[in-house]
Structure formats: C-alpha cells, structure tokens
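First comes the structure, then the notes that go with it.
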Amino acid sequence: MTTTTVQRLLGLGLRGGVATHGGANRRNMLLLIQLRWLAVAGQVATILLVQYVMRIPLPVLWLLAAPAGLVLVNLVSAPLTVRRQEVEDQALMIALLADVAALTWLLFLTGGAANPFVALYLLQVVLGAVLLAPVYAWALIAITSLCFAGLGLHSRPLNLPPAREDSLLSLYLQGSLICFVLMAVLLVLFVTRISQNLRERDASMAALRQQTAEHDHIVRMGLLASGAAHELGTPLASLSVILSDWKRMPALTQDADLAQDMTVMRAEVERCKAIVTGILMSAGEARGQAPERTTLRAFVADVVASWSGDGVAVQIRDELAQNPSIIADPALRQVLGVLFDNAVEAGASRITVTTTRTDEDFGIAVRDDGPGFPPAILQAWGKPYNSTKPRPGAGLGLFLLMNVIRSLGGRVEASNPPAGGAEVRLTLPLSALAPTDEIAHDR
C-alpha cells in the first residue's frame, strides 16, 4: 500500500464522518430542523389556545405567518442539508437568525417585552453558544439583545377583554409556566442529542486515530518490503544466469542428481522472482506495466491453481450469475494466498472458495474445515499481531489483509459457521477492480 493510498483513505475518513467540524455542523443542522418542527407545532398550538380557549383576541393570520415561514425554512434547508456532506458555521447562524426573527415577530404582535415568552430568546442564545463559533455566538447575543430592546420600545399590546384585565398577573404567571416547560423540554431534547453527537464524534476520532496508526505501520512495512525487493532483484537475476550456464555444462547435466537439483533450484529462483515482482506491484511501482485483464471467475480459478497446498484440496463454488471483467490485482491475489496458508496452518484439510455477486459488489468467501477462530481472535479481528501462533511477527497476514481490502473500498468479515470450521468473507465493490474503459462506459 502506497503513501498516496493512505492519504486518500484518511482524507475520505476526515471528510465523510462527524470527525470534521463541517460534518458535526451537518448533524447539528438536522437537529435544529427537528427542533424547529416542534417549535412550529408549539407556536400554532399556543396561538389557537389563546384565541379560542382563553378567548383573548389575536391577529391570528399575522401570527401564523411566523410558523409558516419556519415551515418554509425547513422545507428548503432539509433537502439541502441531506445532500451536503458538510455545513458551514454561517449556515447554522442563518438558521438560528430565522428562529430569532420568527420569535420577534410573534412577540411584537403579542405585547412585546411584556410577553412572558420573551424568555425564549435565552433558548436561542444557548443554542448559539453550543453550536456556533465564539464570534457568531457573541453576534447572536447582540442581535437578540437588540430585538429585546426594540420590543420594549415598539410592540403591539394585547387587547385583553374586560374579564381578563383583573387577572393580568395570573395570565403572566401562566405564560411563564408554559414558557418554562417549553424551554426545559427543548433544552433536554437538544442537550441529549448534542451529547450523542459528541460521543459519536469522539468514537469516530478514536477509530480514525487507530486507522491512521495502522496505515502508518503498513507504510513502514511497505517501504521495507519494497526496498528488500529491490535489493533481492539483482542476486536473484545473477542466480538465474548462473543456473542457466550450469544447465549447458555437460559435466553437470550428465549427473542425474545434479540435473534434478538444478531444475528444482531454477523453479525456486523463478518463484522468488515472482514474489519480488508481486511485492513491487503491490507497492505501486510496477502496476502500470501491462496490467492483466481477466474475469472474476478466471481470476479465482488462477489463484487456486497457482497456490500449492500440502495435500489440501481447494474447491470452488461458483454462484456468479454474471462473470464481470476485472483487473487481476496482485494484492488481492496475495490476500487469498494468506487465507489459504492460514487455513493450512490451522489444520484444515479442505478449503471451499465461494464467489458471489450483487449489483454493485462481489464477494469471495473462504471457508475451511479446521477448528475455527478462537474467540479472542474474532474480538480483536484486524489488529496487528493478533495470532495464537508463538512465532515472532505472527498475525501480520490478517492485519495486512484487512487493510488491503479496506484500501479497495471493501470489508472483511470473519466467523465460525455453525457447521464447523472458519470462514472469511471478502466483499469488494466492482468499481475497485473494473477495467478503466468499463468504468468510463458506465459513467
């Protein structure tokens, strides 16, 4: 895995979740939209209650313009927020100013600063202090203070009926109680959801930090493997030339034992050269050299045919409705080899490879008849050096497997099927291995 791949993955992780400031703002905007629906319902209910139950005459049509405006704001902002990955502080500020404007209009028509619901300005200030940057929060305080002062100077008094004029204090206390309950409910809902957002952001940040550390570890190992591959290329080439010269020497070829040994040595040298080439290709240093185009069915069959297991039978269960064209990725080939080798080391005598496909993804499941994964391995699946083997470096194979599949946009799932054995399922998007011309055609 190259450094460029790691940086791309980290960039996607930073932009896509709640770990970014814009991602958190997006979730907070959605929360504001939900709270605004509650506010609209409360405003309409209060207007109708005062007009038709308490028999206090109100300019109902003018008052209903405020919740109607908030409904329009929600209908416009909700789809925009859903489509966007991030939301700026300015958008949150505008959303809160819309709420302040609606509240100011309602208070202006119902007594101004003498209305007990004027305390709802504090709710807007609290929301701004939690959601906005300090400069916007202070600006919101200044705006709400000016609105409060303006209502004290200019407002439309309530036209109380004569029967209600003597109970003005009682009406004010009732309004204050309703305002208190409304503020308390909204604050509890808001703080609860914000706390949940913060917990999810912290979990996302922790996962991202862990992923960053794992990718740094992979980059270091990749650089070491790439350097070793370059260093091994020259001596392997020299050995290949020497063996070719020996093969033409009569004194050596006439000895049957030596001839057989030279044949084995040549095969092993070629195998080492193929491994070195695979390492360089996986590091991205030789990928541009004539990439091999094949099909998914042929790729899996070739991997199984080229893998040599000591008396272990590998069966392919083909469940492909279609056989898509792919680029034979050497990293994926090594991933399957690691799974086969691990199954053999665990004591399996039979391996079954099942290939499936959906509209957008394809799956490769590798199942063996061994003892299965220990619970500790499944709990720490994908962590480096997570292995029951006592030798140094054990467990790196599965760790690299997880990150190779992740770099291709896929996922890995491990389990112990009820029938016994162990199963590892790889799921990859077809676009990750599709030939370039097919991707362009699909677009």
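Chain labels run A, B, ... following the order of the structure tokens; each chain numbers its residues from 1, and ligands are numbered from 1 in the order shown.
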
Item to check | Shell of 9 Å around region 23-37 of chain A, only C-alpha atoms, local chain residues under 4 positions omitted, as a ChimeraX atom specification | outcome: /A:14-19,41-42,70-71,73-74,77-78,81-82,84-89,91-92,95-96,99,131-132,186,189-190,193-194,197-198,201

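Using only C-alpha atoms, the residues found no farther than 10 Å from Ala101 (chain A), other than those of its own chain fewer than 3 positions away, are Ala66, Gly69, Leu70, Leu96, Leu97, Ala98, Thr104, Trp105, Leu106, Leu107, Ile143, Thr144 and Cys147 of chain A.
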
Checklist entry - Out of region 230-334 of chain A, which residues get alpha helix (DSSP H) from DSSP, as number ranges by chain? => result A: 230-247, 250-253, 256-282, 296-306, 330-334

Checklist entry - So which residues touch Ala321 (chain A) within 12 Å, counting only C-alpha atoms, skipping near sequence neighbours fewer than 6 positions away, as an MDAnalysis selection string? => result chainID A and resid 296:297 355:359 362

Item to check | Residue set, region 292-402 of chain A restricted to strand (DSSP E), as a PyMOL selection string | outcome: chain A and resi 293-295+313-318+325-327+350-357+361-368
